[in-house]
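One file, model07.pdb, carrying PDB, C-alpha atoms and all ligand atoms:
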ATOM      1  CA  MET A  17      25.553 -64.014-147.643
ATOM      2  CA  THR A  18      22.422 -61.916-147.391
ATOM      3  CA  GLN A  19      20.622 -61.439-150.681
ATOM      4  CA  PRO A  20      18.447 -58.301-150.756
ATOM      5  CA  ALA A  21      15.069 -58.844-152.423
ATOM      6  CA  VAL A  22      16.118 -57.050-155.603
ATOM      7  CA  ASP A  23      19.136 -59.340-156.079
ATOM      8  CA  LEU A  24      17.231 -62.625-155.792
ATOM      9  CA  THR A  25      16.733 -64.586-159.003
ATOM     10  CA  PRO A  26      13.159 -64.605-160.351
ATOM     11  CA  GLU A  27      13.003 -68.338-159.567
ATOM     12  CA  ALA A  28      14.006 -67.748-155.949
ATOM     13  CA  GLN A  29      11.491 -64.899-155.626
ATOM     14  CA  THR A  30       8.716 -67.099-157.024
ATOM     15  CA  GLU A  31       9.555 -69.973-154.696
ATOM     16  CA  ILE A  32       9.757 -67.747-151.611
ATOM     17  CA  CYS A  33       6.535 -65.918-152.492
ATOM     18  CA  GLU A  34       4.773 -69.248-152.937
ATOM     19  CA  ALA A  35       5.873 -70.292-149.438
ATOM     20  CA  LEU A  36       4.869 -66.906-148.007
ATOM     21  CA  ASN A  37       1.430 -67.093-149.627
ATOM     22  CA  GLN A  38       0.987 -70.480-147.964
ATOM     23  CA  CYS A  39       1.782 -68.760-144.660
ATOM     24  CA  VAL A  40      -0.677 -65.958-145.480
ATOM     25  CA  SER A  41      -3.403 -68.521-146.251
ATOM     26  CA  GLU A  42      -2.982 -70.513-143.071
ATOM     27  CA  THR A  43      -2.661 -67.366-140.957
ATOM     28  CA  ALA A  44      -5.830 -65.884-142.473
ATOM     29  CA  VAL A  45      -7.843 -69.071-141.934
ATOM     30  CA  THR A  46      -6.613 -69.197-138.330
ATOM     31  CA  THR A  47      -7.507 -65.523-137.840
ATOM     32  CA  MET A  48     -11.116 -66.343-138.755
ATOM     33  CA  LEU A  49     -11.026 -69.510-136.668
ATOM     34  CA  ALA A  50      -9.954 -67.560-133.575
ATOM     35  CA  GLN A  51     -12.572 -64.863-134.190
ATOM     36  CA  ASN A  52     -15.271 -67.497-134.698
ATOM     37  CA  PHE A  53     -14.326 -69.066-131.350
ATOM     38  CA  HIS A  54     -14.098 -65.589-129.734
ATOM     39  CA  TRP A  55     -17.746 -65.064-130.676
ATOM     40  CA  ASN A  56     -19.141 -68.507-129.955
ATOM     41  CA  VAL A  57     -17.234 -69.824-126.949
ATOM     42  CA  THR A  58     -19.400 -70.724-123.937
ATOM     43  CA  GLY A  59     -18.805 -72.085-120.441
ATOM     44  CA  MET A  60     -17.389 -70.890-117.136
ATOM     45  CA  ALA A  61     -14.101 -69.898-118.793
ATOM     46  CA  PHE A  62     -15.917 -67.620-121.243
ATOM     47  CA  GLY A  63     -14.170 -64.417-120.087
ATOM     48  CA  PRO A  64     -10.513 -65.496-120.343
ATOM     49  CA  LEU A  65     -11.056 -67.589-123.488
ATOM     50  CA  HIS A  66     -12.991 -64.783-125.202
ATOM     51  CA  ASP A  67     -10.005 -62.513-124.428
ATOM     52  CA  LEU A  68      -7.308 -65.022-125.422
ATOM     53  CA  PHE A  69      -9.002 -65.770-128.744
ATOM     54  CA  GLN A  70      -9.155 -62.027-129.404
ATOM     55  CA  GLN A  71      -5.452 -61.659-128.612
ATOM     56  CA  ILE A  72      -4.776 -64.412-131.162
ATOM     57  CA  TYR A  73      -6.866 -63.030-134.026
ATOM     58  CA  GLU A  74      -5.540 -59.514-133.486
ATOM     59  CA  ASP A  75      -1.966 -60.817-133.658
ATOM     60  CA  HIS A  76      -2.705 -62.919-136.745
ATOM     61  CA  PHE A  77      -4.405 -60.039-138.550
ATOM     62  CA  VAL A  78      -1.201 -58.006-138.292
ATOM     63  CA  GLY A  79       0.907 -61.106-139.026
ATOM     64  CA  GLN A  80      -0.874 -61.949-142.271
ATOM     65  CA  ASP A  81      -0.414 -58.344-143.401
ATOM     66  CA  ASP A  82       3.333 -58.463-142.673
ATOM     67  CA  LEU A  83       3.675 -61.741-144.588
ATOM     68  CA  ALA A  84       1.646 -60.503-147.573
ATOM     69  CA  GLU A  85       3.615 -57.265-147.696
ATOM     70  CA  ARG A  86       6.874 -59.236-147.718
ATOM     71  CA  VAL A  87       5.494 -60.958-150.836
ATOM     72  CA  LYS A  88       5.095 -57.510-152.387
ATOM     73  CA  ALA A  89       8.637 -56.509-151.392
ATOM     74  CA  LEU A  90       9.758 -59.610-153.301
ATOM     75  CA  ASP A  91       7.782 -58.416-156.334
ATOM     76  CA  GLY A  92       5.226 -61.212-156.024
ATOM     77  CA  HIS A  93       1.436 -61.306-155.983
ATOM     78  CA  ALA A  94      -0.079 -61.383-152.490
ATOM     79  CA  LEU A  95      -2.861 -63.937-152.256
ATOM     80  CA  GLY A  96      -6.068 -62.190-151.171
ATOM     81  CA  GLN A  97      -8.858 -64.635-151.990
ATOM     82  CA  LEU A  98     -10.518 -66.391-149.069
ATOM     83  CA  GLY A  99     -11.700 -69.348-151.160
ATOM     84  CA  VAL A 100      -8.213 -70.036-152.476
ATOM     85  CA  MET A 101      -6.734 -69.596-149.000
ATOM     86  CA  LEU A 102      -9.156 -72.159-147.579
ATOM     87  CA  GLU A 103      -8.405 -74.590-150.363
ATOM     88  CA  ARG A 104      -4.674 -74.570-149.812
ATOM     89  CA  SER A 105      -4.591 -74.098-146.016
ATOM     90  CA  LYS A 106      -3.678 -77.053-143.819
ATOM     91  CA  VAL A 107      -5.760 -75.377-141.081
ATOM     92  CA  GLN A 108      -9.469 -75.890-141.692
ATOM     93  CA  GLU A 109     -12.354 -73.636-140.687
ATOM     94  CA  GLN A 110     -14.894 -74.839-138.107
ATOM     95  CA  ASP A 111     -18.592 -74.184-137.540
ATOM     96  CA  GLY A 112     -18.067 -72.732-134.038
ATOM     97  CA  HIS A 113     -20.389 -75.208-132.311
ATOM     98  CA  GLN A 114     -17.540 -76.914-130.460
ATOM     99  CA  SER A 115     -17.157 -77.062-126.672
ATOM    100  CA  ASP A 116     -14.717 -74.612-125.075
ATOM    101  CA  LYS A 117     -12.167 -77.423-124.623
ATOM    102  CA  GLU A 118     -12.486 -78.558-128.230
ATOM    103  CA  MET A 119     -12.016 -74.956-129.415
ATOM    104  CA  VAL A 120      -8.813 -74.685-127.391
ATOM    105  CA  ARG A 121      -7.568 -77.986-128.847
ATOM    106  CA  LEU A 122      -8.385 -77.029-132.442
ATOM    107  CA  LEU A 123      -6.754 -73.627-132.090
ATOM    108  CA  MET A 124      -3.696 -75.198-130.450
ATOM    109  CA  GLU A 125      -3.347 -77.594-133.380
ATOM    110  CA  ALA A 126      -3.704 -74.663-135.778
ATOM    111  CA  GLN A 127      -0.852 -72.870-133.993
ATOM    112  CA  GLU A 128       1.325 -75.973-134.221
ATOM    113  CA  THR A 129       0.573 -76.291-137.935
ATOM    114  CA  LEU A 130       1.397 -72.628-138.468
ATOM    115  CA  ALA A 131       4.672 -72.946-136.564
ATOM    116  CA  VAL A 132       5.725 -75.765-138.918
ATOM    117  CA  THR A 133       4.629 -73.891-142.062
ATOM    118  CA  LEU A 134       6.414 -70.708-140.968
ATOM    119  CA  GLY A 135       9.521 -72.643-139.955
ATOM    120  CA  GLY A 136       9.577 -74.283-143.381
ATOM    121  CA  ALA A 137       9.218 -70.933-145.135
ATOM    122  CA  GLY A 138      12.116 -69.632-143.045
ATOM    123  CA  GLU A 139      14.305 -72.581-144.072
ATOM    124  CA  LEU A 140      13.447 -72.057-147.724
ATOM    125  CA  ALA A 141      14.283 -68.352-147.494
ATOM    126  CA  ALA A 142      17.573 -69.210-145.774
ATOM    127  CA  ARG A 143      18.529 -71.571-148.617
ATOM    128  CA  HIS A 144      18.159 -68.644-151.015
ATOM    129  CA  GLY A 145      20.105 -66.295-148.740
ATOM    130  CA  ASP A 146      16.951 -64.226-148.126
ATOM    131  CA  THR A 147      17.778 -63.419-144.512
ATOM    132  CA  LEU A 148      15.054 -60.802-144.131
ATOM    133  CA  THR A 149      12.226 -63.174-145.107
ATOM    134  CA  GLU A 150      13.870 -65.837-142.964
ATOM    135  CA  ASP A 151      13.796 -63.455-139.999
ATOM    136  CA  LEU A 152      10.105 -62.636-140.486
ATOM    137  CA  ALA A 153       9.170 -66.315-140.829
ATOM    138  CA  ILE A 154      11.134 -67.283-137.726
ATOM    139  CA  GLU A 155       9.560 -64.475-135.712
ATOM    140  CA  ARG A 156       6.069 -65.495-136.788
ATOM    141  CA  GLY A 157       6.842 -69.174-136.123
ATOM    142  CA  ARG A 158       7.979 -68.347-132.608
ATOM    143  CA  ILE A 159       4.758 -66.419-131.931
ATOM    144  CA  HIS A 160       2.693 -69.410-133.060
ATOM    145  CA  GLU A 161       4.637 -71.722-130.753
ATOM    146  CA  LYS A 162       3.977 -69.314-127.889
ATOM    147  CA  PHE A 163       0.238 -69.338-128.578
ATOM    148  CA  ALA A 164       0.371 -73.149-128.907
ATOM    149  CA  TRP A 165       1.903 -73.312-125.422
ATOM    150  CA  MET A 166      -0.703 -70.922-123.960
ATOM    151  CA  LEU A 167      -3.531 -72.998-125.403
ATOM    152  CA  ARG A 168      -1.917 -76.332-124.491
ATOM    153  CA  ALA A 169      -1.639 -75.216-120.861
ATOM    154  CA  HIS A 170      -5.462 -75.198-120.646
ATOM    155  CA  LEU A 171      -5.622 -78.881-121.553
ATOM    156  CA  LYS A 172      -3.250 -80.241-118.890
TER     157      LYS A 172
HETATM  158 FE    FE B   1     -14.976 -58.954-129.857
END
Whole structure, structure tokens version:
Amino acid sequence: MTQPAVDLTPEAQTEICEALNQCVSETAVTTMLAQNFHWNVTGMAFGPLHDLFQQIYEDHFVGQDDLAERVKALDGHALGQLGVMLERSKVQEQDGHQSDKEMVRLLMEAQETLAVTLGGAGELAARHGDTLTEDLAIERGRIHEKFAWMLRAHLK
């Protein structure tokens, strides 16, 4: 049965917020990664890649806000420190000197990583009956899989 945020045990809230902050961290690092590539991409596909990378970081900027604000709805502390985010993120930042193809590959892998992290957060929320966090995590996971597909299509 659905457990509204206020009815979750403090332990469940802590566990879910921890998972959500992991999602926030990886989303934020990927936001910067996409913006870095948006700025520094070169080659004959500059136009479409510049635009696609922008579409990704704009989506992620809103996504990280939604995830962090769900943490607040669960009475947790939203992680807002870049250094800590980088430390715990499975997605790593890059220097932006990669080729266009390498940028696409790195960003595709980041999307795949995010899809797994978000899916896991959704499963955790489901175990606690937190349907509303589960829904958010699933929605975000699906978006990351869509971006993974769009990036992967360039590499075939
Ligand atoms: Fe721009």
On this structure, which residues satisfy the PyMOL selection byres (((chain A and resi 115) around 12) and not hetatm), written as a CSV table (one decimal) with C-alpha atoms, keeping the file's coordinate frame?
chain,number,residue,atom,x,y,z
A,53,PHE,CA,-14.3,-69.1,-131.4
A,56,ASN,CA,-19.1,-68.5,-130.0
A,57,VAL,CA,-17.2,-69.8,-126.9
A,58,THR,CA,-19.4,-70.7,-123.9
A,59,GLY,CA,-18.8,-72.1,-120.4
A,60,MET,CA,-17.4,-70.9,-117.1
A,61,ALA,CA,-14.1,-69.9,-118.8
A,62,PHE,CA,-15.9,-67.6,-121.2
A,65,LEU,CA,-11.1,-67.6,-123.5
A,110,GLN,CA,-14.9,-74.8,-138.1
A,111,ASP,CA,-18.6,-74.2,-137.5
A,112,GLY,CA,-18.1,-72.7,-134.0
A,113,HIS,CA,-20.4,-75.2,-132.3
A,114,GLN,CA,-17.5,-76.9,-130.5
A,116,ASP,CA,-14.7,-74.6,-125.1
A,117,LYS,CA,-12.2,-77.4,-124.6
A,118,GLU,CA,-12.5,-78.6,-128.2
A,119,MET,CA,-12.0,-75.0,-129.4
A,120,VAL,CA,-8.8,-74.7,-127.4
A,121,ARG,CA,-7.6,-78.0,-128.8
A,122,LEU,CA,-8.4,-77.0,-132.4
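All residues, whether protein, DNA or RNA, that have an atom at most 7 Å from ligand FE 1 (chain B) (counting only C-alpha atoms and all ligand atoms) are A:His54, A:Trp55, A:Gln70.
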I'd like the neighbourhood of Ile32 in chain A as a ChimeraX atom specification, where a residue qualifies if any of its atoms comes within 10 Å (using all atoms listed in the file), though same-chain residues fewer than 5 positions away should be ignored. /A:24,26-27,37-38,86-87,90,92,137-138,140-142,144,146,149-150
Please determine, counting only C-alpha atoms, which residue among A:Glu74, A:Glu103, A:Asp82, A:Glu125 has the shortest atom-to-atom distance to Ser41 in chain A.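 The closest residue to Ser41 in chain A is A:Glu103.
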From CA of Thr129 in chain A to CA of Arg143 in chain A the spacing works out at 21.4 Å
Exercise. Please evaluate the PyMOL selection byres (((chain A and resi 155-168) around 12) and not hetatm) against the displayed coordinates and give the resulting residues as an MDAnalysis selection string.
Key: chainID A and resid 36 39:40 42:43 46:47 50 64:65 68:73 75:83 116:139 148:154 169:172
Q | Selection under test: the PyMOL selection byres (((chain A and resi 99) around 12) and not hetatm); residues as a PyMOL selection string | A | chain A and resi 41-42+44-45+95-98+100-105+108-109
Just give me the gap between CA of Gly145 in chain A and CA of Met17 in chain A in Å, one decimal is fine.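 These atoms are spaced 6.0 Å apart.
Interatomic distance, CA of Lys88 in chain A against CA of Lys106 in chain A: 23.1 Å.
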First collect every listed atom of range 95-111 of chain A; then fit an axis-aligned box around them, widen it by 6 Å on each side, and give centre and edge lengths in Å to one decimal, as JSON.
{"center_x": -10.7, "center_y": -69.6, "center_z": -145.0, "size_x": 27.7, "size_y": 26.9, "size_z": 26.9}
- request: Using all atoms listed in the file, determine which residues lie at most 9 Å from Ala89 in chain A, disregarding the query and same-chain residues fewer than 5 positions distant; provide the list as a list in words.
  value: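 The residues that qualify are Ala21, Val22 and Ala84 of chain A.
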Would you save range 88-125 of chain A from the block above with N, CA and C atoms, as a PDB file, in the first residue's frame?
ATOM      1  N   LYS A  88      13.623  16.708   0.088  1.00  0.00           N
ATOM      2  CA  LYS A  88      13.059  17.655   1.061  1.00  0.00           C
ATOM      3  C   LYS A  88      11.642  17.254   1.479  1.00  0.00           C
ATOM      4  N   ALA A  89      10.861  16.754   0.528  1.00  0.00           N
ATOM      5  CA  ALA A  89       9.502  16.295   0.861  1.00  0.00           C
ATOM      6  C   ALA A  89       9.550  15.129   1.832  1.00  0.00           C
ATOM      7  N   LEU A  90      10.667  14.393   1.811  1.00  0.00           N
ATOM      8  CA  LEU A  90      10.850  13.257   2.726  1.00  0.00           C
ATOM      9  C   LEU A  90      11.579  13.693   3.999  1.00  0.00           C
ATOM     10  N   ASP A  91      11.692  15.002   4.185  1.00  0.00           N
ATOM     11  CA  ASP A  91      12.294  15.573   5.386  1.00  0.00           C
ATOM     12  C   ASP A  91      13.787  15.285   5.503  1.00  0.00           C
ATOM     13  N   GLY A  92      14.444  15.094   4.356  1.00  0.00           N
ATOM     14  CA  GLY A  92      15.882  14.829   4.377  1.00  0.00           C
ATOM     15  C   GLY A  92      16.678  16.077   4.049  1.00  0.00           C
ATOM     16  N   HIS A  93      17.998  15.903   3.960  1.00  0.00           N
ATOM     17  CA  HIS A  93      18.886  17.001   3.581  1.00  0.00           C
ATOM     18  C   HIS A  93      19.336  16.782   2.144  1.00  0.00           C
ATOM     19  N   ALA A  94      19.029  17.741   1.273  1.00  0.00           N
ATOM     20  CA  ALA A  94      19.410  17.627  -0.139  1.00  0.00           C
ATOM     21  C   ALA A  94      20.890  17.960  -0.294  1.00  0.00           C
ATOM     22  N   LEU A  95      21.606  17.039  -0.903  1.00  0.00           N
ATOM     23  CA  LEU A  95      23.046  17.214  -1.102  1.00  0.00           C
ATOM     24  C   LEU A  95      23.289  18.308  -2.140  1.00  0.00           C
ATOM     25  N   GLY A  96      24.060  19.338  -1.753  1.00  0.00           N
ATOM     26  CA  GLY A  96      24.294  20.455  -2.671  1.00  0.00           C
ATOM     27  C   GLY A  96      25.745  20.843  -2.782  1.00  0.00           C
ATOM     28  N   GLN A  97      26.653  19.886  -2.534  1.00  0.00           N
ATOM     29  CA  GLN A  97      28.084  20.199  -2.597  1.00  0.00           C
ATOM     30  C   GLN A  97      28.728  19.452  -3.759  1.00  0.00           C
ATOM     31  N   LEU A  98      29.271  20.210  -4.704  1.00  0.00           N
ATOM     32  CA  LEU A  98      29.831  19.598  -5.908  1.00  0.00           C
ATOM     33  C   LEU A  98      30.938  18.591  -5.601  1.00  0.00           C
ATOM     34  N   GLY A  99      31.815  18.948  -4.640  1.00  0.00           N
ATOM     35  CA  GLY A  99      32.926  18.055  -4.309  1.00  0.00           C
ATOM     36  C   GLY A  99      32.437  16.716  -3.794  1.00  0.00           C
ATOM     37  N   VAL A 100      31.441  16.752  -2.952  1.00  0.00           N
ATOM     38  CA  VAL A 100      30.879  15.512  -2.383  1.00  0.00           C
ATOM     39  C   VAL A 100      30.163  14.722  -3.487  1.00  0.00           C
ATOM     40  N   MET A 101      29.459  15.448  -4.340  1.00  0.00           N
ATOM     41  CA  MET A 101      28.765  14.775  -5.458  1.00  0.00           C
ATOM     42  C   MET A 101      29.766  14.027  -6.333  1.00  0.00           C
ATOM     43  N   LEU A 102      30.864  14.695  -6.661  1.00  0.00           N
ATOM     44  CA  LEU A 102      31.886  14.070  -7.510  1.00  0.00           C
ATOM     45  C   LEU A 102      32.482  12.841  -6.847  1.00  0.00           C
ATOM     46  N   GLU A 103      32.705  12.943  -5.555  1.00  0.00           N
ATOM     47  CA  GLU A 103      33.302  11.844  -4.815  1.00  0.00           C
ATOM     48  C   GLU A 103      32.431  10.594  -4.857  1.00  0.00           C
ATOM     49  N   ARG A 104      31.129  10.788  -4.716  1.00  0.00           N
ATOM     50  CA  ARG A 104      30.268   9.611  -4.615  1.00  0.00           C
ATOM     51  C   ARG A 104      29.666   9.191  -5.950  1.00  0.00           C
ATOM     52  N   SER A 105      29.786  10.019  -6.986  1.00  0.00           N
ATOM     53  CA  SER A 105      29.159   9.709  -8.275  1.00  0.00           C
ATOM     54  C   SER A 105      29.908   8.597  -9.005  1.00  0.00           C
ATOM     55  N   LYS A 106      29.147   7.695  -9.602  1.00  0.00           N
ATOM     56  CA  LYS A 106      29.757   6.661 -10.455  1.00  0.00           C
ATOM     57  C   LYS A 106      30.095   7.231 -11.831  1.00  0.00           C
ATOM     58  N   VAL A 107      29.468   8.369 -12.192  1.00  0.00           N
ATOM     59  CA  VAL A 107      29.836   9.075 -13.422  1.00  0.00           C
ATOM     60  C   VAL A 107      30.964  10.036 -13.065  1.00  0.00           C
ATOM     61  N   GLN A 108      32.017  10.027 -13.874  1.00  0.00           N
ATOM     62  CA  GLN A 108      33.156  10.904 -13.596  1.00  0.00           C
ATOM     63  C   GLN A 108      33.169  12.105 -14.542  1.00  0.00           C
ATOM     64  N   GLU A 109      33.740  13.218 -14.096  1.00  0.00           N
ATOM     65  CA  GLU A 109      33.868  14.363 -14.986  1.00  0.00           C
ATOM     66  C   GLU A 109      35.023  14.123 -15.962  1.00  0.00           C
ATOM     67  N   GLN A 110      35.022  14.883 -17.054  1.00  0.00           N
ATOM     68  CA  GLN A 110      36.042  14.749 -18.097  1.00  0.00           C
ATOM     69  C   GLN A 110      36.617  16.123 -18.397  1.00  0.00           C
ATOM     70  N   ASP A 111      37.797  16.135 -19.068  1.00  0.00           N
ATOM     71  CA  ASP A 111      38.425  17.435 -19.336  1.00  0.00           C
ATOM     72  C   ASP A 111      37.869  18.141 -20.577  1.00  0.00           C
ATOM     73  N   GLY A 112      37.058  17.439 -21.378  1.00  0.00           N
ATOM     74  CA  GLY A 112      36.450  18.075 -22.551  1.00  0.00           C
ATOM     75  C   GLY A 112      37.357  18.130 -23.770  1.00  0.00           C
ATOM     76  N   HIS A 113      38.476  17.403 -23.724  1.00  0.00           N
ATOM     77  CA  HIS A 113      39.380  17.362 -24.876  1.00  0.00           C
ATOM     78  C   HIS A 113      39.154  16.131 -25.748  1.00  0.00           C
ATOM     79  N   GLN A 114      38.074  15.409 -25.482  1.00  0.00           N
ATOM     80  CA  GLN A 114      37.796  14.188 -26.246  1.00  0.00           C
ATOM     81  C   GLN A 114      37.321  14.506 -27.672  1.00  0.00           C
ATOM     82  N   SER A 115      37.401  13.487 -28.534  1.00  0.00           N
ATOM     83  CA  SER A 115      36.823  13.611 -29.884  1.00  0.00           C
ATOM     84  C   SER A 115      35.296  13.611 -29.758  1.00  0.00           C
ATOM     85  N   ASP A 116      34.612  14.027 -30.828  1.00  0.00           N
ATOM     86  CA  ASP A 116      33.147  14.031 -30.787  1.00  0.00           C
ATOM     87  C   ASP A 116      32.594  12.636 -30.492  1.00  0.00           C
ATOM     88  N   LYS A 117      33.200  11.610 -31.116  1.00  0.00           N
ATOM     89  CA  LYS A 117      32.732  10.233 -30.926  1.00  0.00           C
ATOM     90  C   LYS A 117      32.941   9.766 -29.481  1.00  0.00           C
ATOM     91  N   GLU A 118      34.074  10.117 -28.931  1.00  0.00           N
ATOM     92  CA  GLU A 118      34.380   9.733 -27.544  1.00  0.00           C
ATOM     93  C   GLU A 118      33.420  10.448 -26.572  1.00  0.00           C
ATOM     94  N   MET A 119      33.088  11.688 -26.871  1.00  0.00           N
ATOM     95  CA  MET A 119      32.117  12.416 -26.034  1.00  0.00           C
ATOM     96  C   MET A 119      30.760  11.709 -26.043  1.00  0.00           C
ATOM     97  N   VAL A 120      30.335  11.308 -27.237  1.00  0.00           N
ATOM     98  CA  VAL A 120      29.051  10.608 -27.360  1.00  0.00           C
ATOM     99  C   VAL A 120      29.101   9.311 -26.552  1.00  0.00           C
ATOM    100  N   ARG A 121      30.201   8.582 -26.659  1.00  0.00           N
ATOM    101  CA  ARG A 121      30.329   7.309 -25.928  1.00  0.00           C
ATOM    102  C   ARG A 121      30.313   7.537 -24.406  1.00  0.00           C
ATOM    103  N   LEU A 122      31.059   8.510 -23.950  1.00  0.00           N
ATOM    104  CA  LEU A 122      31.123   8.782 -22.506  1.00  0.00           C
ATOM    105  C   LEU A 122      29.762   9.216 -21.962  1.00  0.00           C
ATOM    106  N   LEU A 123      29.070  10.045 -22.731  1.00  0.00           N
ATOM    107  CA  LEU A 123      27.764  10.521 -22.283  1.00  0.00           C
ATOM    108  C   LEU A 123      26.725   9.395 -22.339  1.00  0.00           C
ATOM    109  N   MET A 124      26.873   8.516 -23.321  1.00  0.00           N
ATOM    110  CA  MET A 124      25.979   7.345 -23.395  1.00  0.00           C
ATOM    111  C   MET A 124      26.184   6.454 -22.160  1.00  0.00           C
ATOM    112  N   GLU A 125      27.439   6.222 -21.814  1.00  0.00           N
ATOM    113  CA  GLU A 125      27.717   5.394 -20.634  1.00  0.00           C
ATOM    114  C   GLU A 125      27.177   6.056 -19.363  1.00  0.00           C
TER     115      GLU A 125
END
